[in-house]
$ cat upload-v7.csv   # CSV, C-alpha atoms and all ligand atoms
chain,number,residue,atom,x,y,z
A,12,MET,CA,172.5,-1.4,224.8
A,13,THR,CA,170.1,-2.0,227.6
A,14,LEU,CA,171.4,-4.3,230.3
A,15,VAL,CA,168.9,-7.1,231.0
A,16,ASP,CA,168.6,-8.7,234.5
A,17,THR,CA,169.3,-12.3,233.6
A,18,ALA,CA,171.2,-13.4,236.7
A,19,SER,CA,168.6,-15.6,238.3
A,20,THR,CA,167.5,-17.5,235.2
A,21,THR,CA,171.1,-18.1,234.2
A,22,THR,CA,172.0,-19.3,237.7
A,23,SER,CA,169.1,-21.8,237.6
A,24,THR,CA,170.1,-23.0,234.1
A,25,ALA,CA,173.7,-23.3,235.2
A,26,SER,CA,172.8,-25.3,238.3
A,27,ARG,CA,170.5,-27.6,236.4
A,28,LEU,CA,173.1,-28.4,233.8
A,29,LEU,CA,176.4,-28.2,235.6
A,30,GLN,CA,177.5,-29.3,239.1
A,31,ILE,CA,181.2,-29.5,238.4
A,32,GLN,CA,182.9,-32.0,240.8
A,33,GLN,CA,186.1,-32.9,238.9
A,34,ILE,CA,188.3,-30.8,236.7
A,35,TYR,CA,190.8,-32.6,234.5
A,36,TYR,CA,193.4,-30.0,233.5
A,37,GLU,CA,196.6,-29.6,231.5
A,38,PRO,CA,199.2,-27.9,233.8
A,39,ALA,CA,199.8,-25.3,231.1
A,40,ILE,CA,196.3,-23.8,231.8
A,41,LEU,CA,197.7,-22.3,235.0
A,42,ASP,CA,199.7,-19.8,232.8
A,43,TYR,CA,196.5,-18.3,231.4
A,44,GLN,CA,194.1,-15.8,233.0
A,45,ARG,CA,191.1,-17.7,231.7
A,46,GLY,CA,192.4,-20.9,233.2
A,47,LYS,CA,192.8,-19.2,236.6
A,48,GLU,CA,189.3,-17.7,236.4
A,49,ILE,CA,187.6,-21.0,235.7
A,50,LEU,CA,189.4,-22.8,238.5
A,51,ALA,CA,188.4,-20.0,240.9
A,52,LYS,CA,184.8,-20.5,239.8
A,53,TYR,CA,184.8,-24.1,241.0
A,54,PRO,CA,186.8,-24.0,244.2
A,55,ASP,CA,185.4,-27.3,245.6
A,56,ALA,CA,186.1,-29.4,242.5
A,57,GLU,CA,188.7,-32.1,242.7
A,58,LEU,CA,191.6,-31.2,240.4
A,59,ILE,CA,193.2,-33.9,238.3
A,60,GLU,CA,196.3,-33.1,236.3
A,61,VAL,CA,196.5,-34.8,232.9
A,62,GLU,CA,199.1,-34.8,230.1
A,63,SER,CA,196.6,-34.0,227.4
A,64,HIS,CA,193.0,-32.8,227.3
A,65,TRP,CA,192.6,-35.1,224.3
A,66,LYS,CA,193.7,-38.4,226.0
A,67,ILE,CA,192.1,-39.1,229.4
A,68,PRO,CA,191.9,-42.9,229.6
A,69,GLU,CA,189.5,-42.9,232.6
A,70,LEU,CA,187.0,-40.8,230.6
A,71,ASN,CA,187.4,-41.3,226.9
A,72,GLY,CA,188.8,-44.8,227.0
A,73,ASP,CA,186.5,-46.3,229.6
A,74,GLU,CA,183.7,-48.3,228.1
A,75,THR,CA,181.7,-48.2,231.4
A,76,ALA,CA,181.6,-44.4,231.2
A,77,VAL,CA,178.8,-44.7,228.7
A,78,SER,CA,176.5,-45.8,231.5
A,79,LYS,CA,177.2,-42.5,233.3
A,80,TRP,CA,176.9,-40.4,230.1
A,81,SER,CA,174.8,-37.6,231.5
A,82,LYS,CA,176.4,-37.6,234.9
A,83,VAL,CA,179.8,-37.1,233.4
A,84,LYS,CA,178.5,-34.2,231.3
A,85,ARG,CA,177.0,-32.6,234.5
A,86,THR,CA,179.9,-33.1,236.9
A,87,VAL,CA,183.2,-33.2,234.8
A,88,LEU,CA,185.0,-30.3,233.1
A,89,VAL,CA,188.2,-30.6,231.1
A,90,LEU,CA,190.6,-27.6,230.7
A,91,GLY,CA,193.2,-27.5,228.0
A,92,VAL,CA,195.3,-25.3,225.7
A,93,LYS,CA,194.4,-25.5,222.0
A,94,LYS,CA,197.6,-26.1,220.2
A,95,SER,CA,197.1,-26.1,216.5
A,96,LEU,CA,194.8,-23.3,215.3
A,97,ARG,CA,193.1,-23.6,211.9
A,98,ALA,CA,190.0,-22.2,210.2
A,99,THR,CA,188.6,-24.9,208.0
A,100,PRO,CA,186.8,-23.9,204.8
A,101,ASN,CA,183.0,-24.8,204.9
A,102,SER,CA,180.2,-24.1,202.5
A,103,ARG,CA,176.9,-24.7,204.1
A,104,SER,CA,175.9,-22.4,207.0
A,105,SER,CA,179.3,-20.9,207.3
A,106,ASN,CA,182.3,-20.1,205.2
A,107,PHE,CA,184.8,-21.3,207.8
A,108,ILE,CA,184.8,-23.5,210.9
A,109,ALA,CA,186.7,-21.4,213.5
A,110,PRO,CA,189.4,-23.1,215.6
A,111,SER,CA,187.6,-24.6,218.6
A,112,HIS,CA,187.4,-22.6,221.9
A,113,ALA,CA,185.6,-25.6,223.4
A,114,ASN,CA,184.4,-29.1,222.5
A,115,GLY,CA,181.9,-31.5,224.0
A,116,CYS,CA,178.6,-30.5,225.6
A,117,THR,CA,176.7,-30.7,228.8
A,118,MET,CA,173.4,-31.5,227.1
A,119,ALA,CA,172.8,-35.0,225.8
A,120,CYS,CA,170.8,-35.2,222.6
A,121,VAL,CA,170.4,-38.8,221.5
A,122,TYR,CA,171.6,-38.1,218.0
A,123,CYS,CA,174.6,-35.9,218.9
A,124,TYR,CA,177.6,-36.1,216.5
A,125,VAL,CA,179.8,-33.9,218.6
A,126,ALA,CA,181.0,-37.0,220.6
A,127,ARG,CA,182.4,-38.6,217.4
A,128,ARG,CA,186.1,-38.2,218.4
A,129,LYS,CA,185.7,-38.3,222.2
A,130,GLY,CA,185.3,-42.0,222.9
A,131,TYR,CA,183.1,-43.0,225.8
A,132,ALA,CA,182.5,-39.6,227.5
A,133,ASN,CA,181.8,-36.2,226.1
A,134,PRO,CA,181.9,-33.5,228.9
A,135,ILE,CA,182.8,-29.9,228.0
A,136,THR,CA,186.4,-29.2,227.3
A,137,THR,CA,187.2,-25.5,227.5
A,138,PHE,CA,190.3,-24.0,225.9
A,139,VAL,CA,191.9,-21.3,228.0
A,140,ASN,CA,194.1,-19.6,225.3
A,141,ILE,CA,191.2,-17.6,224.0
A,142,GLU,CA,193.4,-14.5,223.3
A,143,ARG,CA,195.5,-16.5,220.8
A,144,ILE,CA,192.3,-17.9,219.2
A,145,CYS,CA,190.9,-14.4,218.8
A,146,LYS,CA,194.1,-13.0,217.3
A,147,TYR,CA,194.2,-16.0,214.9
A,148,LEU,CA,190.7,-15.2,213.7
A,149,GLU,CA,191.4,-11.5,213.3
A,150,ARG,CA,194.4,-12.2,211.1
A,151,HIS,CA,192.5,-14.9,209.1
A,152,ALA,CA,189.6,-12.6,208.4
A,153,ALA,CA,192.0,-9.8,207.4
A,154,LYS,CA,193.6,-12.1,204.9
A,155,GLN,CA,190.3,-12.8,203.2
A,156,GLY,CA,189.7,-9.2,202.2
A,157,MET,CA,186.1,-8.1,201.5
A,158,LYS,CA,183.5,-10.7,200.4
A,159,LEU,CA,182.9,-9.5,196.8
A,160,GLU,CA,180.1,-11.9,195.9
A,161,PRO,CA,177.1,-12.8,198.1
A,162,ASP,CA,176.7,-16.5,198.7
A,163,GLN,CA,174.1,-18.6,200.5
A,164,VAL,CA,175.9,-18.2,203.8
A,165,ASP,CA,175.8,-14.4,203.9
A,166,PRO,CA,175.5,-11.5,201.4
A,167,LYS,CA,178.5,-9.6,202.7
A,168,ASP,CA,180.4,-11.1,205.6
A,169,TRP,CA,182.7,-14.1,205.9
A,170,VAL,CA,180.9,-16.3,208.4
A,171,TYR,CA,182.9,-18.3,211.0
A,172,ASP,CA,181.1,-21.1,212.8
A,173,ILE,CA,182.3,-20.9,216.5
A,174,GLY,CA,180.1,-23.8,217.7
A,175,CYS,CA,180.8,-26.8,215.5
A,176,ASN,CA,182.0,-29.2,218.2
A,177,ASN,CA,180.1,-27.6,221.2
A,178,ASP,CA,177.1,-25.5,222.2
A,179,CYS,CA,178.2,-21.9,222.8
A,180,SER,CA,175.2,-21.1,225.0
A,181,ALA,CA,176.3,-23.9,227.4
A,182,ASP,CA,180.0,-22.9,227.1
A,183,ALA,CA,179.1,-19.4,228.2
A,184,LEU,CA,177.9,-20.9,231.6
A,185,ILE,CA,181.5,-21.8,232.3
A,186,SER,CA,183.7,-18.9,231.0
A,187,ASP,CA,183.8,-15.7,229.0
A,188,ASN,CA,185.2,-17.3,225.9
A,189,VAL,CA,182.0,-16.8,224.0
A,190,GLN,CA,181.6,-13.2,225.1
A,191,ASP,CA,185.2,-12.5,224.0
A,192,LEU,CA,184.4,-14.0,220.5
A,193,VAL,CA,181.1,-12.0,220.2
A,194,THR,CA,183.0,-8.8,221.2
A,195,LEU,CA,185.8,-9.6,218.7
A,196,PHE,CA,183.5,-10.2,215.7
A,197,ALA,CA,181.7,-6.9,216.4
A,198,THR,CA,185.0,-5.2,215.6
A,199,ILE,CA,185.9,-7.2,212.4
A,200,PRO,CA,184.6,-5.3,209.4
A,201,ASN,CA,184.2,-8.3,207.0
A,202,ALA,CA,183.3,-11.2,209.3
A,203,LYS,CA,180.6,-12.6,211.4
A,204,ALA,CA,180.4,-15.3,214.0
A,205,SER,CA,177.7,-18.0,213.9
A,206,PHE,CA,176.6,-20.9,216.1
A,207,ALA,CA,173.7,-23.3,216.4
A,208,THR,CA,172.2,-23.8,219.9
A,209,LYS,CA,169.6,-25.8,221.8
A,210,LEU,CA,169.9,-23.8,225.0
A,211,VAL,CA,168.5,-20.4,225.9
A,212,ASN,CA,171.2,-18.7,228.0
A,213,ARG,CA,169.9,-15.2,228.7
A,214,ASP,CA,173.3,-14.0,229.9
A,215,LEU,CA,174.1,-13.6,226.2
A,216,LEU,CA,171.5,-10.8,226.0
A,217,ASN,CA,174.0,-8.6,227.9
A,218,TYR,CA,176.8,-9.0,225.3
A,219,ASP,CA,177.1,-6.5,222.6
A,220,PRO,CA,177.0,-8.3,219.2
A,221,GLN,CA,176.2,-5.3,217.0
A,222,GLY,CA,174.6,-7.6,214.4
A,223,LYS,CA,177.9,-9.5,213.9
A,224,THR,CA,176.9,-12.8,215.6
A,225,ARG,CA,174.3,-15.1,214.2
A,226,ILE,CA,172.5,-17.4,216.6
A,227,ARG,CA,170.8,-20.4,215.0
A,228,PHE,CA,168.2,-21.8,217.4
A,229,SER,CA,167.6,-25.5,216.5
A,230,LEU,CA,163.9,-26.5,216.4
A,231,MET,CA,161.8,-29.6,216.0
A,232,PRO,CA,158.3,-30.4,217.1
A,233,GLU,CA,158.0,-30.4,220.9
A,234,ASN,CA,156.6,-33.9,220.9
A,235,ILE,CA,159.8,-35.4,219.5
A,236,ALA,CA,162.2,-33.0,221.2
A,237,GLN,CA,160.9,-34.2,224.6
A,238,THR,CA,162.2,-37.7,223.6
A,239,VAL,CA,165.5,-36.9,221.8
A,240,ASP,CA,166.7,-33.4,223.0
A,241,ILE,CA,167.9,-34.3,226.4
A,242,ARG,CA,168.8,-31.6,229.0
A,243,THR,CA,168.2,-28.8,226.5
A,244,SER,CA,165.8,-25.8,226.7
A,245,SER,CA,162.2,-26.6,225.7
A,246,ILE,CA,161.2,-25.8,222.1
A,247,SER,CA,158.8,-23.1,223.4
A,248,ASP,CA,161.6,-21.5,225.4
A,249,ARG,CA,163.8,-21.4,222.3
A,250,ILE,CA,161.0,-19.8,220.1
A,251,ASN,CA,160.1,-17.4,222.9
A,252,ALA,CA,163.7,-16.2,223.1
A,253,VAL,CA,164.0,-15.2,219.4
A,254,ASN,CA,162.6,-11.7,219.7
A,255,ASP,CA,164.7,-10.9,222.8
A,256,PHE,CA,167.9,-12.0,221.0
A,257,VAL,CA,167.0,-9.9,217.9
A,258,GLU,CA,166.4,-6.9,220.1
A,259,ALA,CA,169.8,-7.5,221.8
A,260,GLY,CA,171.5,-7.1,218.4
A,261,TYR,CA,172.0,-10.7,217.3
A,262,GLU,CA,171.0,-12.0,213.9
A,263,VAL,CA,168.7,-14.9,214.7
A,264,HIS,CA,168.1,-17.8,212.3
A,265,LEU,CA,166.2,-21.1,212.8
A,266,ASN,CA,167.7,-24.5,212.2
A,267,PHE,CA,165.1,-27.1,211.6
A,268,SER,CA,167.4,-29.9,212.7
A,269,PRO,CA,167.6,-32.7,212.7
A,270,VAL,CA,164.4,-33.6,210.9
A,271,VAL,CA,162.9,-36.8,212.4
A,272,TYR,CA,160.2,-38.8,210.7
A,273,TYR,CA,157.5,-40.4,212.7
A,274,GLN,CA,153.8,-41.1,212.5
A,275,GLY,CA,152.2,-37.6,212.4
A,276,TRP,CA,155.4,-35.6,211.8
A,277,SER,CA,153.9,-33.5,209.1
A,278,ALA,CA,151.0,-32.2,211.3
A,279,ASP,CA,153.4,-31.5,214.1
A,280,TYR,CA,155.7,-29.5,211.9
A,281,GLN,CA,152.7,-27.4,210.7
A,282,GLN,CA,151.9,-26.7,214.3
A,283,LEU,CA,155.5,-25.7,215.0
A,284,PHE,CA,155.5,-23.3,212.0
A,285,GLN,CA,152.3,-21.8,213.3
A,286,GLN,CA,153.8,-21.3,216.8
A,287,ILE,CA,156.8,-19.5,215.3
A,288,ASP,CA,154.5,-17.3,213.1
A,289,ASP,CA,152.3,-16.4,216.2
A,290,THR,CA,155.4,-15.6,218.4
A,291,LEU,CA,158.0,-13.8,216.3
A,292,SER,CA,157.8,-10.0,216.1
A,293,PRO,CA,157.8,-8.3,212.7
A,294,GLN,CA,161.4,-7.2,213.4
A,295,ALA,CA,162.5,-10.9,214.0
A,296,LYS,CA,160.6,-12.1,210.9
A,297,GLN,CA,162.1,-9.5,208.7
A,298,GLN,CA,165.7,-10.7,209.4
A,299,LEU,CA,164.8,-14.4,209.7
A,300,GLN,CA,166.3,-17.2,207.6
A,301,ALA,CA,166.3,-20.9,208.1
A,302,GLU,CA,168.0,-24.1,207.2
A,303,ILE,CA,166.8,-27.7,207.3
A,304,ILE,CA,169.3,-30.4,208.2
A,305,PHE,CA,168.8,-34.1,208.1
A,306,LEU,CA,170.9,-36.3,210.3
A,307,THR,CA,174.4,-37.3,209.3
A,308,HIS,CA,174.7,-40.9,210.1
A,309,ASN,CA,177.8,-42.5,211.7
A,310,GLU,CA,177.5,-46.2,212.4
A,311,SER,CA,179.8,-46.5,215.4
A,312,LEU,CA,178.5,-43.3,217.0
A,313,HIS,CA,175.0,-44.5,216.5
A,314,GLU,CA,175.8,-47.6,218.4
A,315,ARG,CA,177.3,-45.5,221.3
A,316,ASN,CA,174.3,-43.2,221.3
A,317,LEU,CA,172.0,-46.3,221.6
A,318,GLN,CA,173.9,-47.4,224.6
A,401,LIG,S1,173.1,-29.5,222.2
A,401,LIG,FE1,174.2,-30.0,220.3
A,401,LIG,S2,176.3,-30.5,221.0
A,401,LIG,FE2,174.9,-30.6,222.8
A,401,LIG,S3,174.3,-32.7,223.0
A,401,LIG,FE3,172.7,-31.7,221.8
A,401,LIG,S4,173.4,-32.0,219.6
A,401,LIG,FE4,175.1,-32.4,220.9

$ encode --input "upload-v7.csv" --output "structure tokens" --more "lines below"
Ligand code: SF4
Amino acid sequence: MTLVDTASTTTSTASRLLQIQQIYYEPAILDYQRGKEILAKYPDAELIEVESHWKIPELNGDETAVSKWSKVKRTVLVLGVKKSLRATPNSRSSNFIAPSHANGCTMACVYCYVARRKGYANPITTFVNIERICKYLERHAAKQGMKLEPDQVDPKDWVYDIGCNNDCSADALISDNVQDLVTLFATIPNAKASFATKLVNRDLLNYDPQGKTRIRFSLMPENIAQTVDIRTSSISDRINAVNDFVEAGYEVHLNFSPVVYYQGWSADYQQLFQQIDDTLSPQAKQQLQAEIIFLTHNESLHERNLQ
């Protein structure tokens, strides 16, 4: 593996997205190395002890927090211990949804469904008991045995989505949880990690995935992304990153999601496909697969997103 000098780009991405001023934390996080590491990373943040990462009335229960939606995402971090661990069966782009190592997101796409259980604020929550989560996944994959029949998810590995309620590229700006998971899956013979992302975090190029982590870059025409994909990496940045991530040992797929109809959408999609064709290396194209996802509508979340 060749180490890539990504420090300055990652620092500027991190400082654009995250200026942590307040950390809400469960006292139990102090018993974990990951918890201590994260607190040491933000020494100037105000620390606010909470009973549960899940119930923070001044964040999730405060209607007025919606008006500071992006500010809260930029300045607040929640740290907790994930109590019940479960891999949920899935059948679309993964076989299982892995237990969360994080939820929430610092980006602010206007259609985001990740906020559906977090009330009026959706900053990143990071779970510090990553070792227990890794051990759970290792045991769960071992219990599945080898995948005997290929399916639409993967021809040979059980695929675990590790970014269903979060964006792993953003989580990796805060802690090494994502690196630990990428490292873990490289050692599990019958399983692979997978996550969709709208952020290019070049720090991940220095991990060692050995083909056992699939990154799905989400794409839509730049025109519409500028309106709806708030605080994310530009579409060109995401397309330009594909070859580098393939070279670094990731499997890279594309998510055309969500599909948004508007006057001229078809011509814009053709232009997007052309840009991809012009940019991707033969190596990247050879391993490429894609999925197309329309938006899952949720009435009350839609109302909040409109706010
Ligand atoms: S990047 Fe994903 S998780 Fe983050 S706000 Fe956008 S849709 Fe939601």

$ residues_near_ligand --input "upload-v7.csv" --ligand "ligand LIG 401 (chain A)" --cutoff "7 Å" --atoms "only C-alpha atoms and all ligand atoms" --output "ChimeraX atom specification"
/A:115-120,122-125,176-178,208-209,240,243

$ atom_distance --input "upload-v7.csv" --atom1 "CA of Tyr273 (chain A)" --atom2 "CA of Leu317 (chain A)"
18.0 Å

$ closest_residue --input "upload-v7.csv" --among "A:Gln163, A:Ser311, A:Gln190, A:Gln30" --to "Ser105 (chain A)" --atoms "all atoms listed in the file"
A:Gln163

$ atom_distance --input "upload-v7.csv" --atom1 "CA of Tyr131 (chain A)" --atom2 "CA of Pro54 (chain A)"
26.7 Å

$ closest_residue --input "upload-v7.csv" --among "A:Asp248, A:Glu74, A:Asp187, A:Glu302" --to "Ala207 (chain A)" --atoms "only C-alpha atoms"
A:Glu302

$ residues_near_point --input "upload-v7.csv" --point "(186.7, -24.1, 235.0)" --cutoff "10 Å" --atoms "all atoms listed in the file" --output "number ranges by chain"
A: 31, 33-36, 45-54, 56, 87-90, 135-139, 184-186

$ residues_around --input "upload-v7.csv" --residues "His151 (chain A)" --least-positions-apart "5" --cutoff "12 Å" --atoms "only C-alpha atoms" --output "PyMOL selection string"
chain A and resi 96-100+107-110+144-146+156+169-171+199+201-202

$ write_last_selection --input "upload-v7.csv" --atoms "C-alpha atoms" --output "mmCIF file, in the frame of the given file"
data_model
loop_
_atom_site.group_PDB
_atom_site.id
_atom_site.type_symbol
_atom_site.label_atom_id
_atom_site.label_comp_id
_atom_site.auth_asym_id
_atom_site.auth_seq_id
_atom_site.Cartn_x
_atom_site.Cartn_y
_atom_site.Cartn_z
ATOM 1 C CA LEU A 96 194.800 -23.300 215.300
ATOM 2 C CA ARG A 97 193.100 -23.600 211.900
ATOM 3 C CA ALA A 98 190.000 -22.200 210.200
ATOM 4 C CA THR A 99 188.600 -24.900 208.000
ATOM 5 C CA PRO A 100 186.800 -23.900 204.800
ATOM 6 C CA PHE A 107 184.800 -21.300 207.800
ATOM 7 C CA ILE A 108 184.800 -23.500 210.900
ATOM 8 C CA ALA A 109 186.700 -21.400 213.500
ATOM 9 C CA PRO A 110 189.400 -23.100 215.600
ATOM 10 C CA ILE A 144 192.300 -17.900 219.200
ATOM 11 C CA CYS A 145 190.900 -14.400 218.800
ATOM 12 C CA LYS A 146 194.100 -13.000 217.300
ATOM 13 C CA GLY A 156 189.700 -9.200 202.200
ATOM 14 C CA TRP A 169 182.700 -14.100 205.900
ATOM 15 C CA VAL A 170 180.900 -16.300 208.400
ATOM 16 C CA TYR A 171 182.900 -18.300 211.000
ATOM 17 C CA ILE A 199 185.900 -7.200 212.400
ATOM 18 C CA ASN A 201 184.200 -8.300 207.000
ATOM 19 C CA ALA A 202 183.300 -11.200 209.300
#

$ closest_residue --input "upload-v7.csv" --among "A:Arg242, A:Lys82, A:Arg103, A:Arg249" --to "Leu230 (chain A)" --atoms "all atoms listed in the file"
A:Arg249

$ atom_distance --input "upload-v7.csv" --atom1 "CA of Pro232 (chain A)" --atom2 "CA of Asn266 (chain A)"
12.1 Å

$ closest_residue --input "upload-v7.csv" --among "A:Ser63, A:Thr75, A:Asn234, A:Ser244" --to "Leu28 (chain A)" --atoms "all atoms listed in the file"
A:Ser244

$ closest_residue --input "upload-v7.csv" --among "A:His64, A:Lys129, A:Gln221, A:Tyr272" --to "Val77 (chain A)" --atoms "all atoms listed in the file"
A:Lys129

$ closest_residue --input "upload-v7.csv" --among "A:Asp214, A:Lys167, A:Asp279, A:Gln32" --to "Asp55 (chain A)" --atoms "only C-alpha atoms"
A:Gln32

$ residues_around --input "upload-v7.csv" --residues "Phe256 (chain A)" --least-positions-apart "4" --cutoff "12 Å" --atoms "all atoms listed in the file" --output "PDB file with C-alpha atoms, in the coordinates of the input"
ATOM      1  CA  VAL A  15     168.900  -7.100 231.000  1.00  0.00           C
ATOM      2  CA  VAL A 211     168.500 -20.400 225.900  1.00  0.00           C
ATOM      3  CA  ASN A 212     171.200 -18.700 228.000  1.00  0.00           C
ATOM      4  CA  ARG A 213     169.900 -15.200 228.700  1.00  0.00           C
ATOM      5  CA  ASP A 214     173.300 -14.000 229.900  1.00  0.00           C
ATOM      6  CA  LEU A 215     174.100 -13.600 226.200  1.00  0.00           C
ATOM      7  CA  LEU A 216     171.500 -10.800 226.000  1.00  0.00           C
ATOM      8  CA  ASN A 217     174.000  -8.600 227.900  1.00  0.00           C
ATOM      9  CA  TYR A 218     176.800  -9.000 225.300  1.00  0.00           C
ATOM     10  CA  ASP A 219     177.100  -6.500 222.600  1.00  0.00           C
ATOM     11  CA  PRO A 220     177.000  -8.300 219.200  1.00  0.00           C
ATOM     12  CA  GLN A 221     176.200  -5.300 217.000  1.00  0.00           C
ATOM     13  CA  GLY A 222     174.600  -7.600 214.400  1.00  0.00           C
ATOM     14  CA  THR A 224     176.900 -12.800 215.600  1.00  0.00           C
ATOM     15  CA  ARG A 225     174.300 -15.100 214.200  1.00  0.00           C
ATOM     16  CA  ILE A 226     172.500 -17.400 216.600  1.00  0.00           C
ATOM     17  CA  ARG A 227     170.800 -20.400 215.000  1.00  0.00           C
ATOM     18  CA  PHE A 228     168.200 -21.800 217.400  1.00  0.00           C
ATOM     19  CA  ARG A 249     163.800 -21.400 222.300  1.00  0.00           C
ATOM     20  CA  ILE A 250     161.000 -19.800 220.100  1.00  0.00           C
ATOM     21  CA  ASN A 251     160.100 -17.400 222.900  1.00  0.00           C
ATOM     22  CA  ALA A 252     163.700 -16.200 223.100  1.00  0.00           C
ATOM     23  CA  GLY A 260     171.500  -7.100 218.400  1.00  0.00           C
ATOM     24  CA  TYR A 261     172.000 -10.700 217.300  1.00  0.00           C
ATOM     25  CA  GLU A 262     171.000 -12.000 213.900  1.00  0.00           C
ATOM     26  CA  VAL A 263     168.700 -14.900 214.700  1.00  0.00           C
ATOM     27  CA  HIS A 264     168.100 -17.800 212.300  1.00  0.00           C
ATOM     28  CA  LEU A 291     158.000 -13.800 216.300  1.00  0.00           C
ATOM     29  CA  SER A 292     157.800 -10.000 216.100  1.00  0.00           C
ATOM     30  CA  GLN A 294     161.400  -7.200 213.400  1.00  0.00           C
ATOM     31  CA  ALA A 295     162.500 -10.900 214.000  1.00  0.00           C
ATOM     32  CA  GLN A 298     165.700 -10.700 209.400  1.00  0.00           C
ATOM     33  CA  LEU A 299     164.800 -14.400 209.700  1.00  0.00           C
TER      34      LEU A 299
END

$ residues_around --input "upload-v7.csv" --residues "Asp168 (chain A)" --least-positions-apart "6" --cutoff "9 Å" --atoms "all atoms listed in the file" --output "MDAnalysis selection string"
chainID A and resid 157:158 161 200:203 223

$ residues_around --input "upload-v7.csv" --residues "Asp191 (chain A)" --least-positions-apart "5" --cutoff "9 Å" --atoms "all atoms listed in the file" --output "tab-separated table (two decimals) with C-alpha atoms, in the coordinates of the input"
chain	number	residue	atom	x	y	z
A	141	ILE	CA	191.20	-17.60	224.00
A	142	GLU	CA	193.40	-14.50	223.30
A	145	CYS	CA	190.90	-14.40	218.80
A	196	PHE	CA	183.50	-10.20	215.70
